[in-house]
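**Q** Next up is a structure, given as C-alpha cells.
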Amino acid sequence: MDFKFSEKEERLREEIRRFARVELAGRNTIAGMEEESSDEDWEFAMSMSRRLAQKGWLTMAWPKEYGGQGASFFEQHVYVDEASYWGIPGTSMGVSGIGWVGLSLMLFGSDEQKKKYIPLIASGDPDGVWCTAYSEPNAGSDFANIQTRAVKSGDEYILNGQKIWTSCAHRARWCWMAVRTDANVKKKQHGISLMIVDMKSPGITIKPILNYAGVHIFNEFFLDNVRVPVTNLVGTENRGWYHLMQSLAFERHSMAPQFFGSARRILEYIVKYVRETSYNGKPLASDPVIRNKIAERAIELDTLKLFGYEITWKMSRGVIPVYEAARNKAYCDFFMQRLATTGTEIIGAYSQVDMTSRWSRILGLITRLYLMFPGLSIAAGTDEVQKNIIGQFKLGLPRAY
Amino acid sequence: MDFKFSEKEERLREEIRRFARVELAGRNTIAGMEEESSDEDWEFAMSMSRRLAQKGWLTMAWPKEYGGQGASFFEQHVYVDEASYWGIPGTSMGVSGIGWVGLSLMLFGSDEQKKKYIPLIASGDPDGVWCTAYSEPNAGSDFANIQTRAVKSGDEYILNGQKIWTSCAHRARWCWMAVRTDANVKKKQHGISLMIVDMKSPGITIKPILNYAGVHIFNEFFLDNVRVPVTNLVGTENRGWYHLMQSLAFERHSMAPQFFGSARRILEYIVKYVRETSYNGKPLASDPVIRNKIAERAIELDTLKLFGYEITWKMSRGVIPVYEAARNKAYCDFFMQRLATTGTEIIGAYSQVDMTSRWSRILGLITRLYLMFPGLSIAAGTDEVQKNIIGQFKLGLPRAY
Amino acid sequence: MDFELNEQQNMLKTMARDFLSRECTKVKVRELEKNEKGYDPDMWSKMVELGWLGLIFPEQYAGTGADFLDLVILMEEMGRNITPGPFFSTVALCAIPIMKFGNTQQKARYLTSIAEGKSIWTLAVAERSGGYESSDLNCVANYNGEDFIINGEKMFVPHAHVADYFLVVCNTGEGKTSNGGLSVFVVKAKSRGVKTEIIPTIAGDGQCRVRFKNVKVSKRDVLGKINNGRKVVDFIMQRAAVLKCAEVAGACQAVLEMTNVYAKERIQFDKPIGSFMVIQHKLVDMLTDVEGLQYLVYHAAWLLSTGAKADVQVSIAKAKANEVYQRACIDSIKIHGAIGFTIDHDLGCYFRRVKAAEFILGDTNLHLEKIASGLGL
Amino acid sequence: MDFELNEQQNMLKTMARDFLSRECTKVKVRELEKNEKGYDPDMWSKMVELGWLGLIFPEQYAGTGADFLDLVILMEEMGRNITPGPFFSTVALCAIPIMKFGNTQQKARYLTSIAEGKSIWTLAVAERSGGYESSDLNCVANYNGEDFIINGEKMFVPHAHVADYFLVVCNTGEGKTSNGGLSVFVVKAKSRGVKTEIIPTIAGDGQCRVRFKNVKVSKRDVLGKINNGRKVVDFIMQRAAVLKCAEVAGACQAVLEMTNVYAKERIQFDKPIGSFMVIQHKLVDMLTDVEGLQYLVYHAAWLLSTGAKADVQVSIAKAKANEVYQRACIDSIKIHGAIGFTIDHDLGCYFRRVKAAEFILGDTNLHLEKIASGLGL
C-alpha cells in the first residue's frame with residue numbers, strides 16, 4: 001500500500017504548473033468542450049495543443065512510434081489532473097482524437113490508418129481534430145439502435161442518415177462514426193460498423209445545437225449519400241459494437257483525474273472565497289453550515305481522487321477497467337452536482353450572473369459548472385447506463401432493462 | 001381553501017388530550033405494534049381498547065349500526081393524530097380489525113359476518129382482535145404469488161400452507177387470510193380468496209419471529225389441514241385479489257396522521273432536548289448545523305401533515321385514495337428515516353442505549369424509531385411497491401417490473 | 001378544512017392559463033431574455049386590462065378587491081408559464097407593502113397608478129453581499145433637517161431599468177441593529193443621482209445594479225414610519241416570498257408535466273423510458289415534491305390571508321420551494337437527456353431561473369434559521 | 001502508488017478470515033451479546049497465541065513487530081466478522097498510546113502484559129455529554145503533593161467491566177482550555193473507589209459507566225506529561241479512529257456481499273430482485289460507498305504510517321465511515337425485506353452496532369468541523 005507519486009511524477013507536476021502559470025498568465029481561460037464554441041477560444045486552444053505536443057505532453061502515454069512519450073499511466077494521470085486544475089485549453093482537441101480515436105486505432109486500426117491519422121493527432125495539428133458520431137435521434141442510452149445506413153458500392157460505402165449531439169463536429173476534420181452496415185440482424189448490436197468519415201465529404205450538413213446557456217458544443221449532422229472509401233472501415237465490418245465498447249472504456253477512464261483537477265481548483269477558490277466574504281450578516285467562514293458542506297465536498301473530492309488513482313493503478317497493471325470507469329463516471333456526475341449546488345449556495349445571488357460578466361464571482365467557474373453539469377452527466381452515458389454496467393460487470397446482477 | 005379544523009374537531013382534540021393525560025399519567029407507554037410483544041403491555045393495551053370503545057373513539061368513523069359514531073373523516077383524523085401523539089395503547093388492537101377488517105366486511109362481507117365480527121371489534125373486546133395473513137415465504141412484494149391452498153370439501157375449506165410476517169398472530173382471535181382457491185389460473189392474481197380463519201382451529205401452529213431488537217411482532221404460521229367453514233369466505237371466491245386491494249388502501253390511508261402524531265411529539269422532545277443539552281463543548285441549540293437539521297425535519301413534518309389532511313379531505317369527498325395512500329406511506333417512510341437519523345445524531349451515544357434503560361434519552365423514543373423504521377418501511381409494502389403504484393395510478397406510466 | 005379552489009379562483013386560473021399560453025409562449029420568453037426592456041408592453045397593457053395589476057386593491061384604488069389567495073393562484077399560473085416582466089416587482093414587492101404601510105395619499109396616488117398600468121415599481125434591498133439581514137445593508141439616508149439624502153448601492157434589483165419608482169431600503173438610525181435603523185423610501189427612478197445598469201444574468205431577467213449618489217427624497221416619501229423599515233422589509237419578505245413560492249410551484253408543475261409526457265413518449269430499448277423503474281421512481285419523487293410544495297404554499301398563503309402568525313410556515317414554503325425547483329429541473333434534464341440541455345427546449349428556461357428564485361427574499365439557510373427560531377431554538 | 005496489500009498483509013488477512021469465520025460465528029456473536037463478560041476468554045487466548053495482541057509491538061515487548069497497516073488489515077477482518085471483545089479497547093485505545101507516550105518502565109510492563117494476554121485495557125474519556133472536546137470533560141485529578149486523587153464519572157467506556165486497567169482522561173490544570181489541563185492516568189480497575197456498571201445497549205456490547213470516587217493514583221502513573229493529555233487524546237483519536245474505520249469498512253463489505261447474494265437469490269415477480277433497476281442501483285451505490293470508504297481508510301492509515309500529517313484524512317475517513325455504515329445497513333435491510341429485520345438474520349448484528357461506531361472517537365459533525373479547520377476555515 002503506497003499512495004505516493006514518484007519523484008519523477010512530482011517533477012512533471014511542477015513543470016506543468018510552471019507552464020500553466022506562464023502560458024495562461026492574465027487569461028481567464030475557457031477549456032474543455034466549451035472551447036469549441038467561439039472561434040477565438042478555439043484558435044487559442046489549438047495553439048495550445050501544438051505547444052502541448054511540443055512539450056511532449058499531449059499524448060504522453062502513447063508509444064513513441066505513435067508520437068507519444070511512452071509515459072506511464074501515472075505520469076499521464078498527473079498531466080490530466082494538473083492540466084485540468086489550470087484549465088489549460090487544447091488538451092483534448094475536441095475530446096475524441098486524444099481520448100479514444102488514437103488508442104482505438106492502435107488497437108484495431110489498419111496499418112495505413114495508424115500511419116495516417118495517429119501522428120496528426122499527436123502533433124496537435126488542426127487536421128488531427130476529431131468528432132465522434134454514435135448518437136442518433138432514436139439511439140441515445142439505447143445506442144445499439146443505430147439507423148444510419150452504410151451501403152457498400154464498389155470501393156465505397158454510401159452513407160445516409162442523421163447523427164445528433166455530435167460535439168466538435170463544427171471543428172473536426174474527421175469523424176469517428178458508427179453506422180449500420182447490416183440491417184438484417186436479430187440483435188441490433190450486430191451489423192454495426194465503425195468508420196472514419198472525412199468531414200469535408202460532400203453530402204454532410206452540420207447544424208449547430210446550442211445548449212441552454214447559448215454555448216455551441218453539440219451539432220446535428222445529416223448524411224446525404226456521403227461516400228466513404230472502404231479503406232476507412234475501422235476493424236471488422238459488422239463488429240463495430242465490440243470496437244465501440246472498447247472506445248467507450250477509453251472515454252470514461254480519464255474522467256476522474258480530469259474532473260478531480262478542476263474540482264480541486266474550485267474547492268480551493270471556494271475556501272478562499274468564504275474566508276473573504278460576509279453574507280446574511282456574518283463571515284461565511286464562521287458559519288458551521290457552510291463549513292460542514294465544504295467539508296462534505298472535501299470528502300467527496302478525496303474519494304474521487306482515490307477512485308482516480310485506483311483506476312490508473314489498475315491500468316498500469318494491465319487491467320482494462322470496465323466497471324471502475326463506469327463507477328468513476330457516475331461518481332463524477334454525483335460530485336459535480338453536489339459541488340455545483342454547494343458552490344451556488346455559497347456565492348448566492350452571484351451564481352446567476354453571466355459567467356463573462358464583471359460581476360461574476362470565482363471566475364464564473366461555479367456558474368459554469370452549475371449550467372454544465374446536467375449536460376456533462378448525460379454525455380458519455382447517463383447515470384442509469386453507468387449503474388447498469390456496474391451492476392452487471394462488477395456485482396454480477398442480471399440485466400435490469 | 002381552508003386549513004382550519006372545525007370547532008367540533010378542536011373540542012375532540014382537547015378531550016383526547018385530557019383523556020391521555022389522565023389515563024397515561026406516569027406511564028411510559030408502549031404503543032403500536034410493539035404493544036403485542038409483552039403480555040403486560042398487551043394487557044394494558046386491551047384495557048385501553050375497551051376504554052376507547054366506551055368513549056366512542058375506537059371506531060368513531062364507522063356507521064352507528066356497526067358500533068361506530070358516524071363521525072366525520074376529519075374527526076377520525078384528529079383522533080388518530082392525537083392518540084398517536086400521546087402514544088395511547090390499544091388504539092389499533094393489532095392493527096387489522098380497526099384498520100381494514102371492519103371496513104372491508106362492511107363493503108363485501110356477508111350479513112352474518114357483519115353481524116358477528118364487526119361489533120366485537122368495535123367493543124374493544126379481546127375477541128375482536130385480528131391478524132392479517134397475506135405474506136408467504138415466496139409472496140412478499142410479489143404478493144399475488146400466494147401458495148397456501150384452500151380446497152373445498154363439503155361445507156368446509158381445507159387449508160394447507162405457510163404464512164409469514166404475520167403480526168399479532170400470537171394475540172389474535174381471528175385471521176384475515178388470503179389463500180389460493182384455484183391453482184389453475186393464467187394470471188396469479190386470479191384464484192385467490194379471502195377468508196376468516198378462527199385462530200383456535202386445530203392444525204394452526206404459530207412460531208414467533210423476533211425482530212433484531214428482540215421484540216415479538218411477527219410470527220410464522222403453519223396450516224396443516226385447517227378446516228374453515230365455507231361461510232367464512234369473504235366476498236366472492238377467486239376474487240380475493242380485488243377485495244384485498246381495497247383492504248390495502250384502507251391500510252395505508254391512516255398512516256400519515258398516525259405517524260404525523262408521533263413524529264410531532266418526537267420533534268417537540270428534540271427541540272426541548274437541544275435547548276437543555278450541551279455537546280462537544282457547546283449548547284446544542286446554538287449549533288447552526290443542528291438548527292438546520294431540525295428545521296428540515298419541521299418542513300417534512302408539515303409536508304406530511306398536509307398530505308394527511310389532503311387524503312382525509314378527499315375521502316370526505318367520496319374519493320378512494322389510491323396513489324395518495326401510496327404517496328403518504330412512502331413519505332412516512334422517508335420522513336421516519338430522516339427523523340430517526342437526525343434524532344440519533346442529536347442524542348449521540350445515548351441513541352444506542354437500550355430503550356428501557358434508565359440511561360435512555362427522550363423516553364427511548366428515538367432509539368425505538370431508529371430500530372423500528374426499517375421494519376415499518378417494509379410492512380404494508382416497500383418503497384418500490386408504493387412508487388410503482390404512484391407511477392401507474394397517478395402518472396399513468398407503464399408497469400416498471 | 002377544504003383543499004378546493006373557490007369559483008372565483010377557478011375562473012381566474014382558467015383565464016390566466018388561457019391568456020398566458022396564448023400571449024406568453026416560450027418563444028416569447030426567449031425573445032424577452034434578449035430584449036432590453038425584458039417585458040412586452042403590449043402584453044403588459046393586456047394584463048392591466050384584465051385587472052391583474054390591481055387584482056387585490058380595493059375598488060377605490062381602481063382595484064378589483066380580490067384577496068391574497070387569488071393573487072397566489074395568479075402567480076402560480078404566471079410561474080407555470082414563465083411570464084417575464086415587472087409584475088412581481090410591482091405588485092408583490094411594492095404594491096402590497098404600500099397597501100399595508102402607505103398613508104392615504106400614498107395609497108391613492110400610487111395604487112391607482114399601478115392598477116391603471118401607469119407605473120412600474122420595484123424594490124431595492126440587497127446590496128453587495130446579496131443578503132437580507134440588516135447588517136448586510138449599508139445604503140444610508142441622512143436627514144439634513146429638510147430632506148433625506150440617499151447614498152449607496154443596491155444589487156439584484158429586478159427590472160429597475162424599466163421601473164418608474166423604487167422602494168429603497170436605507171439606514172436611517174444610529175448604528176445598525178437588527179430591529180431598528182432602517183427606513184423604506186419611495187424614490188422616483190428618474191431622480192437626480194440615480195444610476196441603473198443591468199447585471200447580465202443567465203436568465204436575462206433584467207436584474208439591476210442601482211447606485212444612489214446624493215439622491216434627495218422628501219420625508220413625506222417614507223413608507224411607514226421612519227426607522228421602522230425592518231418591519232416593512234419583514235412584511236414584504238413574508239408576503240412576497242409566498243407569492244414567489246406560488247410562482248415556483250407553478251413552474252414545478254409545468255416541469256413535472258412535460259417530463260411525464262416525455263417519459264411516456266421517448267422510446268429506448270423498445271420501451272417508453274418511463275417504464276424503467278429508476279426513471280419512473282424519479283418522476284414519482286418529483287410528483288411528491290411538487291404536490292408537497294403546492295400544499296405548503298397554499299397553507300402559508302391561507303395563514304397569511306387569515307391574518308394569523310405565519311412566519312414559520314412562510315419560511316417552510318420558501319425553503320421547500322428552493323429545494324424542489326432545483327431538484328425538479330435537474331432531474332427533468334437528466335430524464336430528458338441531451339434534448340433537455342438545449343436552448344430550444346423549454347426546460348432550460350426554467351432551469352436558468354432556479355437561482356434567481358432561490359436567492360430572492362432569503363436563501364434556504366436564512367429560512368431554515370427562521371424556522372429554527374420559530375420552533376423556539 | 002500501489003493499492004495492493006503486501007505478502008505479509010495478505011497472509012494476515014487470510015489467516016484472520018479463516019480463524020474468525022471458524023471461531024466467531026454470528027451465533028457466537030449473538031451469544032456474547034447476552035453474556036455478562038461480552039467476550040469469549042477461549043477465543044481471546046487463541047488471539048493471544050496468534051500474536052494479535054502484540055501484533056505491532058516491538059519484539060522486546062513480546063510483540064511481532066508488524067506495522068500499523070497490518071493492524072488495519074486485521075481490524076478490517078474483525079469488523080467484517082464482528083468480533084466482540086476488548087481487542088479494540090486494549091490495543092487501539094490503550095496499547096498504541098502507551099507505545100507512543102509511555103516511558104520505558106510503562107512500556108516494558110504494560111505492553112508485555114498485553115501481548116501475553118495477561119491484561120485487558122480500556123480508555124475512559126467521554127462523560128455525560130458523550131462528547132470528546134475538552135470542555136465536555138469534567139473528571140478531575142487533584143494533586144495532593146504526593147498522589148493524584150481522581151473524582152468524576154466516565155460514560156460509554158468499552159468493556160470497562162472486564163478491564164484490568166483503564167487509561168483515564170482527567171482535568172489536572174487550572175481551568176479548562178482546549179489545549180491544556182488534561183492528563184491521562186493509568187488506573188487499576190480494582191483500585192479503591194472505582195465503580196463500574198454496564199450501560200445496556202442495543203448491541204449488548206459492554207459499554208460501561210465508571211465512577212471514580214477519591215481514587216488515588218501515583219504521579220508515576222501519568223501517561224506522557226502532566227497537563228499534556230489533550231495531545232494524548234488527539235493522538236488516540238487519530239490512530240484509533242482509523243482502526244475503527246477499518247473495522248467499519250470490513251463490516252460494510254460483509255453487508256454488501258450478503259445483500260448482493262440475496263439480491264441474486266430472492267425471486268419476486270419471477271425474477272431475481274437484483275434485476276429490478278431500483279434495487280440494482282441501490283446495490284451499485286452501496287458498492288461505490290464501500291469501495292470509497294475502503295480507499296479513504298487505507299489512505300489515512302498509510303499517511304499515519306508514514307508519519308505525515310493526517311488529521312484531515314483521518315477525519316474524512318471517520319465521517320465517511322459513519323455515513324456509509326448506516327446507509328449500507330439501512331439499504332440492505334430494505335433490500336432484504338422483512339427477513340433482514342429479524343433477530344436471526346446477521347444483518348441486525350451489524351445494524352445494531354452502527355451507532356456505537358458512529359459516536360466513538362467523534363461524531364460526524366466533529367470530524368466535519370476538523371476537516372473544515374484543516375482546509376483553513
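Identifiers for the C-alpha cells are assigned positionally: chains receive A, B, ... in sequence, residues are indexed from 1 per chain, and ligands are indexed from 1 in the order shown.
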Which residues of chain A sit at most 7 Å from chain C, using only C-alpha atoms? Give each one's shortest atom pair and distance in Å (one decimal place), in chain and ascending residue order, as a tab-separated table.
**A**
```
residue	atom	partner	partner_atom	distance
A:Ser141	CA	C:Gln268	CA	6.9
A:Asp142	CA	C:Gln268	CA	5.4
A:Ile209	CA	C:Thr342	CA	6.8
A:Leu210	CA	C:Ile343	CA	5.6
A:Asn211	CA	C:Thr342	CA	3.9
A:Tyr212	CA	C:Ile343	CA	3.7
A:Ala213	CA	C:Ile343	CA	6.9
A:Gly214	CA	C:Ile343	CA	6.4
A:Ser278	CA	C:Ser129	CA	6.6
A:Tyr279	CA	C:Ser129	CA	5.4
A:Asn280	CA	C:Gly131	CA	4.7
A:Gly281	CA	C:Ser135	CA	4.9
A:Gly348	CA	C:Phe359	CA	6.3
A:Ala349	CA	C:Phe359	CA	5.5
A:Ser351	CA	C:Lys355	CA	6.9
A:Gln352	CA	C:Thr201	CA	5.4
A:Val353	CA	C:Thr201	CA	4.2
A:Asp354	CA	C:Thr201	CA	4.6
A:Ser357	CA	C:Pro200	CA	6.6
A:Pro374	CA	C:Lys334	CA	6.5
A:Gly375	CA	C:Phe341	CA	5.8
A:Ile378	CA	C:Gly337	CA	5.9
A:Tyr401	CA	C:Phe276	CA	6.8
```
**Q** Can you pull out every residue within 6 Å of region 66-81 of chain A, counting only C-alpha atoms, but drop anything in the same chain fewer than 6 positions away, and send it as a compact mmCIF listing (two decimals) with N, CA, C and O atoms, in the first residue's frame?
**A**
```
# COMPACT_ATOMS: atom_id res chain seq x y z
N GLU A 9 7.14 11.80 -11.19
CA GLU A 9 5.78 12.29 -11.38
C GLU A 9 5.59 13.67 -10.76
O GLU A 9 4.96 14.56 -11.33
N THR A 59 0.00 13.65 -25.86
CA THR A 59 -0.34 12.22 -25.95
C THR A 59 0.78 11.43 -25.28
O THR A 59 1.31 10.46 -25.84
N MET A 60 1.14 11.88 -24.12
CA MET A 60 2.37 11.39 -23.49
C MET A 60 2.39 9.89 -23.24
O MET A 60 3.44 9.26 -23.28
N PRO A 119 -0.35 10.20 -36.10
CA PRO A 119 0.60 11.30 -35.95
C PRO A 119 -0.06 12.68 -36.04
O PRO A 119 0.38 13.62 -35.39
N ALA A 122 -1.30 13.38 -32.59
CA ALA A 122 -0.19 13.59 -31.65
C ALA A 122 0.52 14.91 -31.85
O ALA A 122 1.13 15.46 -30.93
N PRO A 257 -9.49 11.77 -12.94
CA PRO A 257 -8.44 12.77 -12.75
C PRO A 257 -8.79 14.11 -13.39
O PRO A 257 -8.43 15.16 -12.86
N GLN A 258 -9.52 14.07 -14.48
CA GLN A 258 -9.88 15.31 -15.15
C GLN A 258 -10.81 16.15 -14.29
O GLN A 258 -10.51 17.30 -13.99
N GLY A 261 -9.14 17.38 -11.06
CA GLY A 261 -8.32 18.58 -11.23
C GLY A 261 -9.14 19.85 -11.15
O GLY A 261 -8.83 20.77 -10.40
N SER A 316 -2.18 0.41 -15.00
CA SER A 316 -0.74 0.19 -15.04
C SER A 316 -0.40 -1.27 -14.78
O SER A 316 0.69 -1.74 -15.06
```
**Q** Which residues are near Glu116 (chain C)? Cut-off 9 Å, only C-alpha atoms, ignore same chain within fewer than 4 positions. Put them as number ranges by chain.
**A** C: 48-49, 51, 53-54, 62-63, 111-112
**Q** Determine, counting only C-alpha atoms, which protein, DNA and RNA residues have an atom within 10 Å of an atom of Ala263 (chain A); residues of the same chain fewer than 4 positions away are not included. Present the result as a list of chain:residue names.
**A**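 My reading of the contact set: A:Asp81, A:Ser84, A:Tyr85, A:Pro257, A:Gln258, A:Phe259, A:Leu267, A:Glu268, A:Tyr269, A:Arg297, A:Ala298, A:Leu301, A:Leu304, A:Cys332, A:Phe335, A:Met336, A:Leu339, A:Ala340, A:Leu365, A:Ile366, A:Leu369.
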**Q** With C-alpha atoms retained, write the just-selected residues as an mmCIF file, in the first residue's frame.
**A**
```
data_model
loop_
_atom_site.group_PDB
_atom_site.id
_atom_site.type_symbol
_atom_site.label_atom_id
_atom_site.label_comp_id
_atom_site.auth_asym_id
_atom_site.auth_seq_id
_atom_site.Cartn_x
_atom_site.Cartn_y
_atom_site.Cartn_z
ATOM 1 C CA ASP A 81 -5.119 16.259 -13.252
ATOM 2 C CA SER A 84 -7.494 20.329 -15.662
ATOM 3 C CA TYR A 85 -6.651 22.167 -12.475
ATOM 4 C CA PRO A 257 -8.436 12.769 -12.753
ATOM 5 C CA GLN A 258 -9.880 15.308 -15.147
ATOM 6 C CA PHE A 259 -12.784 16.359 -13.001
ATOM 7 C CA LEU A 267 -12.861 23.933 -3.905
ATOM 8 C CA GLU A 268 -9.717 25.954 -3.277
ATOM 9 C CA TYR A 269 -11.436 29.023 -4.666
ATOM 10 C CA ARG A 297 -17.374 18.240 -0.579
ATOM 11 C CA ALA A 298 -13.782 17.686 0.563
ATOM 12 C CA LEU A 301 -13.123 15.189 -3.614
ATOM 13 C CA LEU A 304 -12.829 10.879 -6.362
ATOM 14 C CA CYS A 332 -18.006 12.441 -11.106
ATOM 15 C CA PHE A 335 -19.933 15.024 -7.133
ATOM 16 C CA MET A 336 -20.290 17.650 -9.871
ATOM 17 C CA LEU A 339 -20.153 20.813 -5.803
ATOM 18 C CA ALA A 340 -22.210 22.954 -8.153
ATOM 19 C CA LEU A 365 -16.378 28.722 -12.578
ATOM 20 C CA ILE A 366 -19.288 27.870 -10.308
ATOM 21 C CA LEU A 369 -20.282 24.158 -13.510
#
```
**Q** Work out how far apart CA of Arg17 (chain A) and CA of Asn328 (chain A) are and give it in Å to one decimal.
**A**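 One can read the CA of Arg17 (chain A) to CA of Asn328 (chain A) distance as 25.2 Å.
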**Q** Apply DSSP to the backbone of this structure and, from region 309-342 of chain A, keep only the residues in helix (DSSP H, G or I); write these as a list in words.
**A**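 Answer for region 309-342 of chain A, restricted to helix (DSSP H, G or I): Tyr309, Glu310, Ile311, Thr312, Trp313, Lys314, Met315, Ser316, Tyr323, Glu324, Ala325, Ala326, Arg327, Asn328, Lys329, Ala330, Tyr331, Cys332, Asp333, Phe334, Phe335, Met336, Gln337, Arg338, Leu339, Ala340, Thr341 and Thr342 of chain A.
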**Q** Could you pull the residues within 8 Å of region 28-34 of chain D, counting only C-alpha atoms, minus those fewer than 2 positions along the same chain, as a list of chain:residue names?
**A**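 Surrounding residues, per the criterion: D:Cys24, D:Thr25, D:Lys26, D:Glu36, D:Lys37, D:Gly38, D:Tyr39, D:Asp40, D:Ile82, D:Thr83, D:Pro84, D:Ala203, D:Gly204, D:Asp205, D:Cys349.
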**Q** What are the closest atom pairs, with distances in Å to one decimal, for each residue of chain B lying within 8 Å of chain A, using only C-alpha atoms, rows by chain and rising residue number, as CSV?
**A**
```
residue,atom,partner,partner_atom,distance
B:Asp287,CA,A:Pro288,CA,7.6
B:Pro288,CA,A:Pro288,CA,6.1
B:Val289,CA,A:Val289,CA,5.3
B:Asn292,CA,A:Val289,CA,7.7
```
**Q** Take the selection from the previous step and output its residues with N, CA, C and O atoms, as a PDB file, in the first residue's frame.
**A**
```
ATOM      1  N   ASP B 287     -26.105  25.429  17.858  1.00  0.00           N
ATOM      2  CA  ASP B 287     -25.320  24.879  16.753  1.00  0.00           C
ATOM      3  C   ASP B 287     -26.131  24.974  15.454  1.00  0.00           C
ATOM      4  O   ASP B 287     -27.155  24.300  15.298  1.00  0.00           O
ATOM      5  N   PRO B 288     -25.690  25.813  14.527  1.00  0.00           N
ATOM      6  CA  PRO B 288     -26.471  26.016  13.298  1.00  0.00           C
ATOM      7  C   PRO B 288     -26.697  24.729  12.504  1.00  0.00           C
ATOM      8  O   PRO B 288     -27.698  24.618  11.818  1.00  0.00           O
ATOM      9  N   VAL B 289     -25.779  23.777  12.613  1.00  0.00           N
ATOM     10  CA  VAL B 289     -25.968  22.534  11.865  1.00  0.00           C
ATOM     11  C   VAL B 289     -27.174  21.774  12.429  1.00  0.00           C
ATOM     12  O   VAL B 289     -28.026  21.275  11.688  1.00  0.00           O
ATOM     13  N   ASN B 292     -30.353  23.718  11.577  1.00  0.00           N
ATOM     14  CA  ASN B 292     -30.729  23.458  10.189  1.00  0.00           C
ATOM     15  C   ASN B 292     -31.436  22.124  10.028  1.00  0.00           C
ATOM     16  O   ASN B 292     -32.433  22.016   9.333  1.00  0.00           O
TER      17      ASN B 292
END
```
**Q** Need the shell around region 148-150 of chain A: protein/DNA/RNA residues with any atom at most 6 Å away, counting only C-alpha atoms. Skip same-chain ones fewer than 5 positions apart. Format as a PyMOL selection string?
**A** chain A and resi 157-161+179-181
**Q** If you keep C-alpha atoms, can you produce a file of those selected residues as a PDB file, in the first residue's frame?
**A**
```pdb
ATOM      1  CA  TYR A 157     -19.796   2.932 -48.649  1.00  0.00           C
ATOM      2  CA  ILE A 158     -22.715   5.225 -49.306  1.00  0.00           C
ATOM      3  CA  LEU A 159     -23.944   6.746 -46.041  1.00  0.00           C
ATOM      4  CA  ASN A 160     -27.392   8.109 -45.391  1.00  0.00           C
ATOM      5  CA  GLY A 161     -28.904   9.117 -42.100  1.00  0.00           C
ATOM      6  CA  VAL A 179     -23.118   3.177 -38.869  1.00  0.00           C
ATOM      7  CA  ARG A 180     -25.322   0.246 -39.703  1.00  0.00           C
ATOM      8  CA  THR A 181     -23.813  -1.958 -42.378  1.00  0.00           C
TER       9      THR A 181
END
```
**Q** CA of Lys213 (chain D) and CA of Arg358 (chain B) are how many Å apart?
**A**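 It comes out at 21.6 Å.
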**Q** Can you measure CA of Ile266 (chain A) to CA of Gln386 (chain A) for me? One decimal in Å is fine.
**A**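 So the answer is 25.3 Å.
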**Q** Would you please extract all strand (DSSP E) residues from region 229-310 of chain D, as assigned by DSSP on the backbone, and give them as number ranges by chain?
**A** D: 267-268, 271-272
**Q** With only C-alpha atoms as the basis for distance, which of C:Lys282, C:Gly229, C:Ala321, C:Gly374 is at the shortest distance from chain D?
**A**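 With only C-alpha atoms as the atom set, the closest residue is C:Lys282.
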**Q** For a quick check of understanding, using only C-alpha atoms, which of D:Val27, D:Lys216, D:Gln280, D:Val210 has the smallest distance to chain C?
**A**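 Ranked by minimum distance to chain C, first place goes to D:Gln280.
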**Q** Near His190 (chain B), counting only C-alpha atoms, which residues have an atom at most 9 Å away, once you skip same-chain residues fewer than 4 positions from it, shown as a list of chain:residue names?
**A**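 Residues meeting the cut-off are B:Ala144, B:Arg180, B:Asp182, B:Ala183, B:Val185, B:Lys186, B:Asn238, B:Arg239, B:Gly240, B:Trp241.
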**Q** Would you mind telling me which residue in C:Cys245, C:Ala328, C:Ile98, C:Val168 lies nearest to Asp285 (chain C) when using only C-alpha atoms?
**A**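 Distance minimum relative to Asp285 (chain C) lands on C:Ala328.
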**Q** With only C-alpha atoms as the basis for distance, which of A:Ser37, A:Thr303, A:Ser110, A:Ser96 is at the shortest distance from Phe218 (chain A)?
**A**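 Using only C-alpha atoms, the shortest distance to Phe218 (chain A) belongs to A:Ser37.
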**Q** Out of D:Asn322, D:Leu283, D:Cys252, D:Val169, which residue has the shortest atom-to-atom distance to Lys264 (chain D) when counting only C-alpha atoms?
**A**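 Between D:Asn322, D:Leu283, D:Cys252, D:Val169, the residue approaching Lys264 (chain D) most closely is D:Leu283.
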